[in-house]
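Source file: target-v7.cif; contents: mmCIF, C-alpha atoms.
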data_upload
#
loop_
_atom_site.label_atom_id
_atom_site.label_comp_id
_atom_site.auth_asym_id
_atom_site.auth_seq_id
_atom_site.Cartn_x
_atom_site.Cartn_y
_atom_site.Cartn_z
CA MET A 1 -14.03 36.68 -7.90
CA ARG A 2 -14.59 32.99 -8.60
CA ILE A 3 -14.73 30.44 -5.77
CA PHE A 4 -14.65 26.68 -6.20
CA GLY A 5 -16.39 24.73 -3.42
CA ILE A 6 -15.71 21.05 -2.67
CA ASP A 7 -17.73 18.64 -0.55
CA PRO A 8 -15.39 15.63 -0.41
CA GLY A 9 -16.41 12.01 0.06
CA SER A 10 -14.87 8.70 -0.96
CA GLU A 11 -18.06 7.57 -2.70
CA ARG A 12 -19.15 10.92 -4.11
CA THR A 13 -17.37 14.27 -4.13
CA GLY A 14 -19.52 17.31 -4.87
CA TYR A 15 -18.10 20.42 -6.50
CA GLY A 16 -19.49 23.78 -7.50
CA CYS A 17 -18.06 27.05 -8.73
CA VAL A 18 -19.69 30.42 -7.93
CA GLU A 19 -18.75 33.82 -9.31
CA SER A 20 -19.54 37.19 -7.79
CA ALA A 21 -20.76 39.54 -10.53
CA GLY A 22 -21.34 42.99 -9.06
CA SER A 23 -23.79 42.55 -6.23
CA ARG A 24 -24.93 39.17 -7.49
CA GLN A 25 -23.61 35.65 -7.29
CA ARG A 26 -24.00 33.30 -10.22
CA ILE A 27 -23.25 29.62 -10.74
CA VAL A 28 -20.40 28.73 -13.09
CA LEU A 29 -20.73 24.96 -12.88
CA SER A 30 -21.55 22.22 -10.41
CA GLY A 31 -21.63 18.44 -10.28
CA ALA A 32 -20.35 15.39 -8.46
CA ILE A 33 -17.62 12.84 -9.04
CA SER A 34 -18.85 9.31 -8.43
CA SER A 35 -16.72 6.23 -8.16
CA PRO A 36 -17.20 3.61 -10.85
CA ALA A 37 -18.84 0.45 -9.50
CA GLY A 38 -16.29 -2.06 -8.30
CA ALA A 39 -13.41 0.41 -8.18
CA SER A 40 -10.79 -0.20 -5.49
CA PHE A 41 -10.23 2.47 -2.87
CA PRO A 42 -6.98 3.78 -4.45
CA GLU A 43 -8.75 3.88 -7.82
CA LYS A 44 -11.52 5.99 -6.27
CA LEU A 45 -8.90 8.41 -4.95
CA LEU A 46 -7.27 8.52 -8.37
CA ARG A 47 -10.59 9.37 -10.03
CA ILE A 48 -11.39 12.15 -7.52
CA HIS A 49 -7.95 13.67 -8.02
CA GLN A 50 -7.92 13.41 -11.82
CA ARG A 51 -11.44 14.81 -12.28
CA LEU A 52 -10.93 17.66 -9.80
CA ALA A 53 -7.61 18.61 -11.41
CA ALA A 54 -9.31 18.76 -14.83
CA ILE A 55 -12.33 20.75 -13.57
CA LEU A 56 -10.14 23.20 -11.63
CA ALA A 57 -8.05 23.82 -14.75
CA GLU A 58 -11.23 24.45 -16.76
CA CYS A 59 -12.83 26.64 -14.11
CA ALA A 60 -9.72 28.63 -13.04
CA PRO A 61 -11.10 29.84 -9.69
CA ASP A 62 -9.35 32.39 -7.46
CA CYS A 63 -9.71 30.16 -4.42
CA VAL A 64 -10.85 26.69 -3.35
CA ALA A 65 -13.16 26.33 -0.32
CA ILE A 66 -13.63 22.96 1.40
CA GLU A 67 -16.00 21.91 4.13
CA SER A 68 -13.87 21.23 7.17
CA LEU A 69 -13.86 17.89 8.88
CA PHE A 70 -17.01 16.74 10.54
CA HIS A 71 -15.85 15.91 14.03
CA ALA A 72 -18.83 13.83 15.17
CA VAL A 73 -18.17 11.16 12.57
CA ASN A 74 -16.71 7.84 13.77
CA VAL A 75 -13.00 7.03 13.35
CA ARG A 76 -13.45 4.67 10.40
CA SER A 77 -15.59 7.10 8.37
CA ALA A 78 -13.29 9.96 9.34
CA LEU A 79 -10.27 8.08 8.03
CA LYS A 80 -12.00 7.35 4.71
CA LEU A 81 -13.14 10.94 4.39
CA GLY A 82 -9.60 12.10 5.19
CA HIS A 83 -8.25 10.21 2.17
CA ALA A 84 -10.75 11.84 -0.21
CA ARG A 85 -10.20 15.24 1.33
CA GLY A 86 -6.44 14.81 1.07
CA VAL A 87 -6.47 14.18 -2.68
CA ALA A 88 -8.99 17.02 -3.19
CA MET A 89 -6.73 19.46 -1.32
CA LEU A 90 -3.77 18.16 -3.30
CA ALA A 91 -5.51 18.95 -6.61
CA ALA A 92 -6.07 22.54 -5.43
CA VAL A 93 -2.56 23.13 -4.12
CA GLU A 94 -1.01 21.53 -7.23
CA ALA A 95 -2.95 24.09 -9.28
CA GLY A 96 -1.43 26.86 -7.11
CA MET A 97 -4.77 27.83 -5.59
CA PRO A 98 -5.25 28.98 -1.99
CA VAL A 99 -7.39 26.61 0.08
CA VAL A 100 -9.81 27.78 2.76
CA GLU A 101 -11.86 25.66 5.14
CA TYR A 102 -15.22 26.25 6.82
CA SER A 103 -16.98 24.14 9.41
CA PRO A 104 -20.54 22.98 8.69
CA ALA A 105 -21.84 25.51 11.26
CA GLU A 106 -19.97 28.36 9.58
CA ILE A 107 -21.40 27.39 6.20
CA LYS A 108 -24.95 27.27 7.59
CA ARG A 109 -24.49 30.60 9.32
CA ALA A 110 -23.09 32.24 6.18
CA VAL A 111 -25.70 30.82 3.81
CA VAL A 112 -28.88 30.59 5.91
CA GLY A 113 -27.97 32.95 8.76
CA TYR A 114 -28.34 30.23 11.37
CA GLY A 115 -25.55 27.81 12.36
CA ARG A 116 -27.90 24.96 13.16
CA ALA A 117 -30.00 25.13 10.01
CA GLU A 118 -31.17 21.90 8.38
CA LYS A 119 -29.40 20.58 5.29
CA HIS A 120 -32.45 21.18 3.06
CA GLN A 121 -32.67 24.81 4.23
CA VAL A 122 -29.07 25.35 3.09
CA GLN A 123 -29.88 23.75 -0.26
CA GLN A 124 -32.99 25.93 -0.67
CA MET A 125 -30.91 29.05 0.02
CA VAL A 126 -28.32 27.94 -2.54
CA LYS A 127 -31.13 27.72 -5.10
CA LEU A 128 -32.46 31.19 -4.14
CA ILE A 129 -29.09 32.95 -3.99
CA LEU A 130 -27.98 31.61 -7.35
CA GLY A 131 -31.43 32.09 -8.95
CA LEU A 132 -31.66 28.46 -10.01
CA PRO A 133 -34.89 26.77 -11.13
CA ALA A 134 -34.30 23.88 -8.71
CA ILE A 135 -31.92 22.67 -6.02
CA PRO A 136 -28.74 21.53 -7.80
CA SER A 137 -28.50 17.78 -8.11
CA PRO A 138 -27.02 15.66 -6.65
CA HIS A 139 -27.14 17.14 -3.17
CA ASP A 140 -23.35 16.90 -2.89
CA ALA A 141 -23.16 19.52 -5.67
CA ALA A 142 -25.54 21.81 -3.76
CA ASP A 143 -23.44 21.35 -0.62
CA ALA A 144 -20.28 22.26 -2.52
CA LEU A 145 -21.97 25.41 -3.90
CA ALA A 146 -22.91 26.32 -0.31
CA VAL A 147 -19.22 26.21 0.70
CA ALA A 148 -18.33 28.51 -2.20
CA ILE A 149 -21.17 30.94 -1.29
CA CYS A 150 -20.01 30.83 2.33
CA HIS A 151 -16.55 32.00 1.32
CA LEU A 152 -17.89 34.78 -0.91
CA ASN A 153 -20.18 35.93 1.92
CA SER A 154 -17.26 35.90 4.35
CA MET A 155 -15.25 38.21 2.15
CA ALA A 156 -15.61 41.87 1.22
CA PRO A 157 -19.24 43.07 0.98
CA ALA A 158 -18.82 43.51 -2.80
CA HIS A 159 -18.90 39.71 -3.19
CA ALA A 160 -21.64 38.87 -0.69
CA ALA A 161 -25.15 38.06 -1.83
CA PRO A 162 -27.26 41.14 -0.91
CA ALA A 163 -30.26 39.03 0.12
CA LEU A 164 -28.20 37.60 2.91
CA GLN A 165 -27.19 38.92 6.23
CA ARG A 166 -23.41 38.80 6.08
CA PRO A 167 -21.97 36.26 8.52
CA ALA A 168 -20.94 37.46 11.90
CA GLY A 169 -17.31 38.40 12.36
CA LYS A 170 -16.64 34.92 13.63
CA ALA A 171 -17.22 33.14 10.33
CA ALA A 172 -15.24 35.75 8.47
CA ALA A 173 -12.37 35.54 10.90
CA SER A 174 -12.27 31.87 11.76
CA TRP A 175 -11.68 30.31 8.41
CA ARG A 176 -8.25 28.95 8.01
CA GLN A 177 -6.60 29.99 4.82
CA TYR A 178 -3.75 28.22 3.15
CA ARG A 179 -2.05 30.25 0.50
CA PRO A 180 0.41 28.05 -1.35
CA ALA A 181 3.72 29.53 -2.40
CA ARG A 182 3.61 29.96 -6.14
CA THR A 183 7.01 28.72 -7.24
CA MET B 1 10.62 -8.90 -6.27
CA ARG B 2 10.89 -5.36 -4.94
CA ILE B 3 8.42 -4.01 -2.37
CA PHE B 4 8.05 -0.38 -1.34
CA GLY B 5 6.73 0.16 2.19
CA ILE B 6 5.12 3.38 3.39
CA ASP B 7 4.39 4.52 6.95
CA PRO B 8 2.30 7.64 6.32
CA GLY B 9 1.98 10.64 8.61
CA SER B 10 1.21 14.30 8.05
CA GLU B 11 4.37 15.42 9.87
CA ARG B 12 6.68 12.65 8.72
CA THR B 13 6.12 9.87 6.20
CA GLY B 14 8.55 6.97 6.33
CA TYR B 15 9.40 4.90 3.27
CA GLY B 16 11.60 1.93 2.59
CA CYS B 17 12.19 -0.41 -0.32
CA VAL B 18 13.18 -4.06 0.16
CA GLU B 19 14.19 -6.56 -2.50
CA SER B 20 14.14 -10.32 -2.24
CA ALA B 21 17.35 -11.73 -3.67
CA GLY B 22 17.24 -15.51 -3.63
CA SER B 23 16.60 -16.52 -0.06
CA ARG B 24 17.71 -13.13 1.29
CA GLN B 25 16.09 -9.76 1.63
CA ARG B 26 18.14 -6.63 1.10
CA ILE B 27 17.43 -2.95 1.55
CA VAL B 28 17.23 -0.81 -1.60
CA LEU B 29 16.64 2.52 0.10
CA SER B 30 14.84 4.07 3.05
CA GLY B 31 14.16 7.47 4.52
CA ALA B 32 11.47 9.86 5.64
CA ILE B 33 9.73 12.87 4.15
CA SER B 34 9.46 15.69 6.65
CA SER B 35 7.37 18.80 6.29
CA PRO B 36 9.26 22.06 6.07
CA ALA B 37 8.74 24.19 9.17
CA GLY B 38 5.79 26.53 8.81
CA ALA B 39 4.30 24.71 5.83
CA SER B 40 0.52 24.77 5.59
CA PHE B 41 -1.37 21.48 5.69
CA PRO B 42 -2.03 21.39 1.90
CA GLU B 43 1.66 22.18 1.31
CA LYS B 44 2.60 19.23 3.52
CA LEU B 45 0.35 16.98 1.44
CA LEU B 46 1.90 18.35 -1.75
CA ARG B 47 5.39 17.58 -0.47
CA ILE B 48 4.50 14.01 0.55
CA HIS B 49 2.93 13.38 -2.85
CA GLN B 50 5.73 14.94 -4.90
CA ARG B 51 8.55 13.22 -3.00
CA LEU B 52 6.85 9.82 -2.99
CA ALA B 53 6.10 10.06 -6.71
CA ALA B 54 9.77 10.85 -7.40
CA ILE B 55 11.10 8.06 -5.13
CA LEU B 56 8.64 5.50 -6.54
CA ALA B 57 9.76 6.37 -10.07
CA GLU B 58 13.41 5.95 -9.05
CA CYS B 59 12.80 2.74 -7.12
CA ALA B 60 10.34 1.06 -9.54
CA PRO B 61 8.93 -1.46 -7.06
CA ASP B 62 6.57 -4.28 -8.02
CA CYS B 63 4.15 -3.37 -5.29
CA VAL B 64 3.48 -0.75 -2.61
CA ALA B 65 2.60 -1.86 0.93
CA ILE B 66 1.07 0.57 3.43
CA GLU B 67 0.35 0.17 7.11
CA SER B 68 -3.41 0.09 7.45
CA LEU B 69 -5.25 2.58 9.58
CA PHE B 70 -4.72 2.51 13.28
CA HIS B 71 -8.23 2.26 14.63
CA ALA B 72 -7.55 3.25 18.24
CA VAL B 73 -6.43 6.74 17.25
CA ASN B 74 -8.81 9.64 17.97
CA VAL B 75 -11.00 11.14 15.24
CA ARG B 76 -8.92 14.29 14.75
CA SER B 77 -5.61 12.40 14.37
CA ALA B 78 -7.32 9.81 12.19
CA LEU B 79 -8.58 12.50 9.84
CA LYS B 80 -5.12 14.06 9.53
CA LEU B 81 -3.54 10.66 8.96
CA GLY B 82 -6.20 9.92 6.34
CA HIS B 83 -5.11 12.94 4.29
CA ALA B 84 -1.45 11.86 4.27
CA ARG B 85 -2.40 8.27 3.53
CA GLY B 86 -4.68 9.40 0.70
CA VAL B 87 -1.95 11.28 -1.15
CA ALA B 88 0.54 8.42 -0.53
CA MET B 89 -1.91 5.89 -2.03
CA LEU B 90 -2.52 8.28 -4.90
CA ALA B 91 1.20 8.43 -5.73
CA ALA B 92 1.28 4.61 -5.90
CA VAL B 93 -1.83 4.19 -8.02
CA GLU B 94 -0.76 7.00 -10.36
CA ALA B 95 2.44 5.05 -10.94
CA GLY B 96 0.32 2.00 -11.85
CA MET B 97 1.48 0.02 -8.81
CA PRO B 98 -0.72 -2.39 -6.86
CA VAL B 99 -1.31 -1.28 -3.26
CA VAL B 100 -1.58 -3.71 -0.35
CA GLU B 101 -2.43 -2.94 3.25
CA TYR B 102 -1.43 -4.63 6.50
CA SER B 103 -2.61 -3.91 10.01
CA PRO B 104 0.00 -3.18 12.71
CA ALA B 105 -0.68 -6.62 14.23
CA GLU B 106 -0.13 -8.36 10.90
CA ILE B 107 3.16 -6.52 10.42
CA LYS B 108 4.36 -7.48 13.91
CA ARG B 109 3.33 -11.09 13.37
CA ALA B 110 5.08 -11.27 9.99
CA VAL B 111 8.29 -9.56 11.13
CA VAL B 112 8.69 -10.63 14.77
CA GLY B 113 6.38 -13.63 14.84
CA TYR B 114 4.19 -12.11 17.54
CA GLY B 115 1.26 -9.74 16.83
CA ARG B 116 1.68 -7.78 20.04
CA ALA B 117 5.42 -7.20 19.79
CA GLU B 118 6.83 -3.85 20.89
CA LYS B 119 7.81 -1.26 18.29
CA HIS B 120 11.53 -1.55 19.13
CA GLN B 121 11.39 -5.33 18.70
CA VAL B 122 10.04 -4.83 15.16
CA GLN B 123 12.82 -2.33 14.45
CA GLN B 124 15.47 -4.71 15.80
CA MET B 125 14.15 -7.47 13.53
CA VAL B 126 14.23 -5.11 10.53
CA LYS B 127 17.91 -4.49 11.28
CA LEU B 128 18.62 -8.24 11.62
CA ILE B 129 16.65 -9.35 8.56
CA LEU B 130 18.25 -6.76 6.30
CA GLY B 131 21.73 -7.20 7.83
CA LEU B 132 22.06 -3.55 8.69
CA PRO B 133 24.69 -2.14 11.07
CA ALA B 134 22.01 -0.21 13.01
CA ILE B 135 18.26 0.36 13.14
CA PRO B 136 17.38 2.56 10.16
CA SER B 137 16.80 6.15 11.10
CA PRO B 138 14.43 7.85 11.57
CA HIS B 139 12.12 5.26 13.08
CA ASP B 140 9.46 6.00 10.47
CA ALA B 141 11.86 4.59 7.86
CA ALA B 142 12.34 1.41 9.91
CA ASP B 143 8.56 1.09 10.26
CA ALA B 144 8.12 1.45 6.50
CA LEU B 145 10.76 -1.24 5.89
CA ALA B 146 8.82 -3.49 8.28
CA VAL B 147 5.69 -3.13 6.11
CA ALA B 148 7.70 -4.10 3.03
CA ILE B 149 9.23 -7.11 4.81
CA CYS B 150 5.75 -8.08 6.01
CA HIS B 151 4.51 -8.23 2.43
CA LEU B 152 7.50 -10.24 1.22
CA ASN B 153 7.04 -12.68 4.11
CA SER B 154 3.34 -13.02 3.29
CA MET B 155 4.12 -14.05 -0.26
CA ALA B 156 5.65 -17.15 -1.82
CA PRO B 157 8.35 -18.79 0.37
CA ALA B 158 10.99 -17.80 -2.23
CA HIS B 159 10.70 -14.18 -1.05
CA ALA B 160 10.43 -14.74 2.70
CA ALA B 161 13.39 -14.21 4.99
CA PRO B 162 14.57 -17.70 6.03
CA ALA B 163 15.33 -16.64 9.60
CA LEU B 164 11.67 -15.96 10.10
CA GLN B 165 8.78 -18.16 10.73
CA ARG B 166 6.46 -17.34 7.84
CA PRO B 167 3.27 -15.63 9.01
CA ALA B 168 0.27 -17.75 9.67
CA GLY B 169 -2.21 -18.17 6.83
CA LYS B 170 -4.20 -15.31 8.29
CA ALA B 171 -1.65 -12.61 7.56
CA ALA B 172 -1.06 -13.98 4.10
CA ALA B 173 -4.76 -14.15 3.34
CA SER B 174 -6.12 -11.07 5.03
CA TRP B 175 -4.21 -8.34 3.30
CA ARG B 176 -6.33 -6.36 0.97
CA GLN B 177 -4.84 -5.94 -2.42
CA TYR B 178 -5.71 -3.23 -4.88
CA ARG B 179 -4.46 -3.90 -8.33
CA PRO B 180 -4.99 -0.83 -10.46
CA ALA B 181 -6.04 -1.29 -14.05
CA ARG B 182 -3.09 -0.38 -16.21
CA THR B 183 -4.67 1.68 -18.94
#

So, in terms of structure tokens, how does the structure I just supplied come out?
Amino acid sequence: MRIFGIDPGSERTGYGCVESAGSRQRIVLSGAISSPAGASFPEKLLRIHQRLAAILAECAPDCVAIESLFHAVNVRSALKLGHARGVAMLAAVEAGMPVVEYSPAEIKRAVVGYGRAEKHQVQQMVKLILGLPAIPSPHDAADALAVAICHLNSMAPAHAAPALQRPAGKAAASWRQYRPART
Amino acid sequence: MRIFGIDPGSERTGYGCVESAGSRQRIVLSGAISSPAGASFPEKLLRIHQRLAAILAECAPDCVAIESLFHAVNVRSALKLGHARGVAMLAAVEAGMPVVEYSPAEIKRAVVGYGRAEKHQVQQMVKLILGLPAIPSPHDAADALAVAICHLNSMAPAHAAPALQRPAGKAAASWRQYRPART
């Protein structure tokens, strides 16, 4: 089972792919898509979409997991984030992949075991779970890996990292799943 | 000069193409993209993107004009709108078309001559300017045509509808233009 996590943003979109191998989880790839300096907003969206489409084709995950919208953000930032998130979701659905969403609290609960954990605690757990020598860089990539781990940990026990307490029923049940029709 | 206007929305995205022919403006086409009942959110985005890409290819406008974000909306609606707007912008930039944005007040000022005009006044003016027998339906299509007319009226006098007072320098100067690099 291979899950592709996305942490969308108009300036930098993190991505990371995690595979469950027996009782372990291992990293497939991770990184971030940055906008070229001076790019217009539509050009930034084009770059996010084009790069994600190419990486998804290369990675061929079973599912795409995206951090759900951060509700405390102000309207202007939310609108910008919505654009980036829209083209990221589009890349996934164009590739015929189901899309699932998790709130920041669900991700923290599934990765650290505590819904109000600090960002750096989540990143440390990503490093530990995946057996990495350091926290993946940039942080957007680590955040995207956390979303992927969250989905694996919310699924059947076979895919969950054994070092972790599996998330409470709530996280497993509350994610919204979009399964595109494969036509 | 042919301008394609878009009024994006996750449930219904209006579009309309207007051409300046001498001192007149005429409608090329208009309509709205609705989501099929029961479609998931990513499927709705896919439909908006696919339909817009097809209509833009058919219409071959010189420029795409989109209503800029409505700032008074709440965060949740703004985020949803951002997704639809993101994939609409993507369709335009993928087709190599420059994208311009106008605020609702700029559109009202350019079409009706008054920045606080009512929605139905704008729609009535769209009908008059384009010499249509009725207000285009659905209303999202009329709103998209208004954005296209706004851009034509903000350009060189040759393209502006003669019945209208051309918008003040502000509307002409304040639109943000994104001209994608044609590679």

Checklist entry - For chain A, which residues have at least one atom within 8 Å of chain B, if we go by all atoms listed in the file? Write them as JSON, numbers by chain, please. => result {"A": [40, 41, 42, 43, 45, 46, 69, 71, 73, 74, 75, 76, 78, 79, 80, 81, 82, 83, 84, 85, 86, 87, 89, 90, 93, 94, 99, 178, 179, 180]}

Would you kindly return, as a PDB file with C-alpha atoms, keeping the file's coordinate frame, each protein, DNA or RNA residue with an atom no farther than 6 Å from any atom of stretch 8-24 of chain B, considering all atoms listed in the file and excluding same-chain residues fewer than 4 positions away?
ATOM      1  CA  MET B   1      10.620  -8.900  -6.270  1.00  0.00           C
ATOM      2  CA  ARG B   2      10.890  -5.360  -4.940  1.00  0.00           C
ATOM      3  CA  ILE B   3       8.420  -4.010  -2.370  1.00  0.00           C
ATOM      4  CA  PHE B   4       8.050  -0.380  -1.340  1.00  0.00           C
ATOM      5  CA  VAL B  28      17.230  -0.810  -1.600  1.00  0.00           C
ATOM      6  CA  LEU B  29      16.640   2.520   0.100  1.00  0.00           C
ATOM      7  CA  SER B  30      14.840   4.070   3.050  1.00  0.00           C
ATOM      8  CA  GLY B  31      14.160   7.470   4.520  1.00  0.00           C
ATOM      9  CA  ALA B  32      11.470   9.860   5.640  1.00  0.00           C
ATOM     10  CA  ILE B  33       9.730  12.870   4.150  1.00  0.00           C
ATOM     11  CA  SER B  34       9.460  15.690   6.650  1.00  0.00           C
ATOM     12  CA  SER B  35       7.370  18.800   6.290  1.00  0.00           C
ATOM     13  CA  LEU B  81      -3.540  10.660   8.960  1.00  0.00           C
ATOM     14  CA  ALA B  84      -1.450  11.860   4.270  1.00  0.00           C
ATOM     15  CA  ARG B  85      -2.400   8.270   3.530  1.00  0.00           C
ATOM     16  CA  ASP B 140       9.460   6.000  10.470  1.00  0.00           C
ATOM     17  CA  ALA B 141      11.860   4.590   7.860  1.00  0.00           C
ATOM     18  CA  ALA B 144       8.120   1.450   6.500  1.00  0.00           C
ATOM     19  CA  LEU B 145      10.760  -1.240   5.890  1.00  0.00           C
ATOM     20  CA  HIS B 159      10.700 -14.180  -1.050  1.00  0.00           C
ATOM     21  CA  ALA B 161      13.390 -14.210   4.990  1.00  0.00           C
TER      22      ALA B 161
END

Item to check | d(atom CA of B:Ala57, atom CA of B:Ile27) in Å | outcome: 16.8 Å

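Atom pair atom CA of B:Ala60 / atom CA of B:Ile6: separated by 14.1 Å.
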
Next on the checklist: I'd like the residues picked by the PyMOL selection byres ((chain B and resi 132) around 12) written out as a PyMOL selection string, using the chain letters and numbers from the file.
Outcome noted: chain B and resi 25-30+123-131+133-137+142+145

Next on the checklist: Report, in Å to a single decimal, how far apart atom CA of A:Val147 and atom CA of A:Pro104 are.
Outcome noted: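 Separation between atom CA of A:Pro104 and atom CA of A:Val147: 8.7 Å.
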
Item to check | Pick from A:Asp7, A:Leu52, A:Leu152, A:Glu118, whichever lies nearest to A:Pro138 using all atoms listed in the file | outcome: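 Closest candidate: A:Asp7.
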
Checklist entry - the PyMOL selection byres ((chain A and resi 103) around 8) on the file shown: which residues, as a list in words? => result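 Going through the file, the PyMOL selection byres ((chain A and resi 103) around 8) ends up selecting Glu67, Ser68, Leu69, Phe70, Glu101, Tyr102, Pro104, Ala105, Glu106 and Ile107 of chain A.
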